[in-house]
Amino acid sequence: MDSTRKLDGQELQSPRESLWVPIVAPVIWSTHFTVCYIWLAMACGRFASFDSARTGVALSTAVAAAAIAVCFVYGLSRHGYRLPDRPNDDGTPEDRTRFMAFTTMLLAALSLVATLYAGIAAMAVGECL
């Protein structure tokens, strides 16, 4: 039995396949935060130069932001390239798909803000104390 359906010309995934999609962006953010924290801690512990750590943090922030932006665009495309015009609280497959897509978009936007905030905060530090 085929578990896909069509919505506005797009295939709908079964609920089991799409439940993990909304957490990809927060996982990218948490990985970025951990990497930046460890990298700067090692640089301040004299295992590396602080300038190379700042460059690495800037690079990892750019890569993480790009990956999170891809997650946002994926959610936007699953939602139909438009913001919701009505609540998605019915039990239909279309509403479940749109709800998951909107959840993906919101979590990606929040993760993007958090990633940029962590990157800017790490870059704002002048030197180790």
# chains A, B, ... in the order shown; residues from 1 in each chain; ligands from 1
call {"tool": "residues_around", "arguments": {"residues": "Met123 (chain A)", "least_positions_apart": "2", "cutoff": "9 Å", "atoms": "only C-alpha atoms", "output": "PDB file with N, CA, C and O atoms, in the first residue's frame"}}
result
ATOM      1  N   ARG A  54      38.304  32.364  16.590  1.00  0.00           N
ATOM      2  CA  ARG A  54      37.295  33.310  16.098  1.00  0.00           C
ATOM      3  C   ARG A  54      36.961  33.049  14.637  1.00  0.00           C
ATOM      4  O   ARG A  54      35.806  33.110  14.235  1.00  0.00           O
ATOM      5  N   THR A  55      37.985  32.744  13.847  1.00  0.00           N
ATOM      6  CA  THR A  55      37.748  32.421  12.444  1.00  0.00           C
ATOM      7  C   THR A  55      36.928  31.138  12.319  1.00  0.00           C
ATOM      8  O   THR A  55      35.998  31.063  11.515  1.00  0.00           O
ATOM      9  N   VAL A  57      34.851  29.904  14.552  1.00  0.00           N
ATOM     10  CA  VAL A  57      33.484  30.166  15.003  1.00  0.00           C
ATOM     11  C   VAL A  57      32.693  30.885  13.917  1.00  0.00           C
ATOM     12  O   VAL A  57      31.529  30.557  13.660  1.00  0.00           O
ATOM     13  N   ALA A  58      33.318  31.844  13.253  1.00  0.00           N
ATOM     14  CA  ALA A  58      32.630  32.554  12.174  1.00  0.00           C
ATOM     15  C   ALA A  58      32.284  31.600  11.035  1.00  0.00           C
ATOM     16  O   ALA A  58      31.170  31.646  10.485  1.00  0.00           O
ATOM     17  N   ALA A 118      24.574  33.120  19.159  1.00  0.00           N
ATOM     18  CA  ALA A 118      25.745  32.445  19.730  1.00  0.00           C
ATOM     19  C   ALA A 118      27.008  32.813  18.961  1.00  0.00           C
ATOM     20  O   ALA A 118      28.069  33.034  19.559  1.00  0.00           O
ATOM     21  N   GLY A 119      26.922  32.898  17.646  1.00  0.00           N
ATOM     22  CA  GLY A 119      28.083  33.265  16.837  1.00  0.00           C
ATOM     23  C   GLY A 119      28.529  34.690  17.084  1.00  0.00           C
ATOM     24  O   GLY A 119      29.725  34.972  17.221  1.00  0.00           O
ATOM     25  N   ILE A 120      27.566  35.610  17.170  1.00  0.00           N
ATOM     26  CA  ILE A 120      27.904  37.014  17.411  1.00  0.00           C
ATOM     27  C   ILE A 120      28.485  37.183  18.813  1.00  0.00           C
ATOM     28  O   ILE A 120      29.447  37.932  19.012  1.00  0.00           O
ATOM     29  N   ALA A 121      27.916  36.482  19.780  1.00  0.00           N
ATOM     30  CA  ALA A 121      28.443  36.572  21.153  1.00  0.00           C
ATOM     31  C   ALA A 121      29.872  36.047  21.224  1.00  0.00           C
ATOM     32  O   ALA A 121      30.721  36.623  21.904  1.00  0.00           O
ATOM     33  N   VAL A 125      33.649  38.621  21.957  1.00  0.00           N
ATOM     34  CA  VAL A 125      34.637  38.493  23.028  1.00  0.00           C
ATOM     35  C   VAL A 125      35.988  38.971  22.491  1.00  0.00           C
ATOM     36  O   VAL A 125      36.473  38.467  21.466  1.00  0.00           O
ATOM     37  N   GLY A 126      36.578  39.924  23.163  1.00  0.00           N
ATOM     38  CA  GLY A 126      37.845  40.491  22.690  1.00  0.00           C
ATOM     39  C   GLY A 126      39.007  39.532  22.819  1.00  0.00           C
ATOM     40  O   GLY A 126      39.768  39.322  21.882  1.00  0.00           O
TER      41      GLY A 126
END
call {"tool": "closest_atom_pairs", "arguments": {"of": "region 34-56 of chain A", "to": "region 63-79 of chain A", "cutoff": "12 Å", "atoms": "only C-alpha atoms", "output": "tab-separated table"}}
result
residue	atom	partner	partner_atom	distance
A:Val35	CA	A:Ala64	CA	10.9
A:Cys36	CA	A:Ala64	CA	11.2
A:Gly56	CA	A:Val63	CA	10.5
call {"tool": "write_last_selection", "arguments": {"atoms": "all heavy atoms", "output": "PDB file, in the first residue's frame"}}
result
ATOM      1  N   VAL A  35      30.060  23.027  19.659  1.00  0.00           N
ATOM      2  CA  VAL A  35      31.347  23.158  18.963  1.00  0.00           C
ATOM      3  C   VAL A  35      31.993  24.508  19.269  1.00  0.00           C
ATOM      4  O   VAL A  35      33.195  24.581  19.561  1.00  0.00           O
ATOM      5  CB  VAL A  35      31.163  22.948  17.448  1.00  0.00           C
ATOM      6  CG1 VAL A  35      32.377  23.403  16.668  1.00  0.00           C
ATOM      7  CG2 VAL A  35      30.856  21.493  17.150  1.00  0.00           C
ATOM      8  N   CYS A  36      31.209  25.583  19.216  1.00  0.00           N
ATOM      9  CA  CYS A  36      31.765  26.912  19.512  1.00  0.00           C
ATOM     10  C   CYS A  36      32.257  26.999  20.953  1.00  0.00           C
ATOM     11  O   CYS A  36      33.324  27.557  21.222  1.00  0.00           O
ATOM     12  CB  CYS A  36      30.721  27.994  19.258  1.00  0.00           C
ATOM     13  SG  CYS A  36      30.370  28.265  17.524  1.00  0.00           S
ATOM     14  N   GLY A  56      37.265  30.145  13.125  1.00  0.00           N
ATOM     15  CA  GLY A  56      36.518  28.895  13.105  1.00  0.00           C
ATOM     16  C   GLY A  56      35.071  29.068  13.534  1.00  0.00           C
ATOM     17  O   GLY A  56      34.167  28.461  12.969  1.00  0.00           O
TER      18      GLY A  56
END
call {"tool": "select_by_dssp", "arguments": {"residues": "region 24-89 of chain A", "states": "alpha helix (DSSP H)", "output": "ChimeraX atom specification"}}
result
/A:24-44,50-79
call {"tool": "residues_around", "arguments": {"residues": "Thr104 (chain A)", "least_positions_apart": "3", "cutoff": "7 Å", "atoms": "only C-alpha atoms", "output": "list of chain:residue names"}}
result
A:Val21, A:Pro22, A:Phe72, A:Gly75, A:Met100, A:Ala101, A:Leu107, A:Ala108
call {"tool": "atom_distance", "arguments": {"atom1": "CA of Thr61 (chain A)", "atom2": "CA of Thr34 (chain A)"}}
result
11.7 Å
call {"tool": "atom_distance", "arguments": {"atom1": "CA of Thr115 (chain A)", "atom2": "CA of Ala62 (chain A)"}}
result
9.2 Å
call {"tool": "closest_residue", "arguments": {"among": "A:Leu106, A:Ala53, A:Ala124, A:Ile28", "to": "Leu40 (chain A)", "atoms": "only C-alpha atoms"}}
result
A:Ala53
call {"tool": "atom_distance", "arguments": {"atom1": "CA of His32 (chain A)", "atom2": "CA of Phe99 (chain A)"}}
result
26.6 Å
call {"tool": "residues_around", "arguments": {"residues": "Trp29 (chain A)", "least_positions_apart": "4", "cutoff": "8 Å", "atoms": "only C-alpha atoms", "output": "PyMOL selection string"}}
result
chain A and resi 25+33+64+111-112+114-115
call {"tool": "write_last_selection", "arguments": {"atoms": "all heavy atoms", "output": "tab-separated table (two decimals), in the first residue's frame"}}
result
chain	number	residue	atom	x	y	z
A	25	ALA	N	16.75	21.39	12.59
A	25	ALA	CA	17.32	22.72	12.83
A	25	ALA	C	17.76	22.91	14.29
A	25	ALA	O	18.87	23.42	14.52
A	25	ALA	CB	16.32	23.80	12.41
A	33	PHE	N	26.40	25.29	18.90
A	33	PHE	CA	26.67	25.87	20.22
A	33	PHE	C	27.75	25.09	20.95
A	33	PHE	O	28.69	25.67	21.51
A	33	PHE	CB	25.38	25.90	21.05
A	33	PHE	CG	25.53	26.55	22.38
A	33	PHE	CD1	25.48	27.93	22.49
A	33	PHE	CD2	25.72	25.79	23.51
A	33	PHE	CE1	25.63	28.54	23.72
A	33	PHE	CE2	25.87	26.40	24.75
A	33	PHE	CZ	25.82	27.78	24.86
A	64	ALA	N	26.36	26.60	9.74
A	64	ALA	CA	25.16	26.23	10.48
A	64	ALA	C	23.97	27.08	10.04
A	64	ALA	O	22.85	26.56	9.89
A	64	ALA	CB	25.39	26.38	11.98
A	111	SER	N	15.93	28.57	15.61
A	111	SER	CA	17.28	28.04	15.63
A	111	SER	C	18.26	28.96	14.91
A	111	SER	O	19.42	29.10	15.31
A	111	SER	CB	17.31	26.64	15.00
A	111	SER	OG	16.53	25.76	15.74
A	112	LEU	N	17.80	29.59	13.84
A	112	LEU	CA	18.65	30.54	13.11
A	112	LEU	C	19.00	31.73	13.99
A	112	LEU	O	20.16	32.16	14.05
A	112	LEU	CB	17.98	30.99	11.82
A	112	LEU	CG	18.77	31.95	10.95
A	112	LEU	CD1	20.06	31.29	10.48
A	112	LEU	CD2	17.95	32.41	9.77
A	114	ALA	N	19.02	31.80	17.27
A	114	ALA	CA	19.90	31.33	18.34
A	114	ALA	C	21.32	31.09	17.84
A	114	ALA	O	22.29	31.40	18.54
A	114	ALA	CB	19.32	30.05	18.95
A	115	THR	N	21.45	30.56	16.64
A	115	THR	CA	22.78	30.31	16.07
A	115	THR	C	23.51	31.62	15.81
A	115	THR	O	24.70	31.76	16.15
A	115	THR	CB	22.66	29.50	14.77
A	115	THR	OG1	22.04	28.25	15.07
A	115	THR	CG2	24.00	29.26	14.13
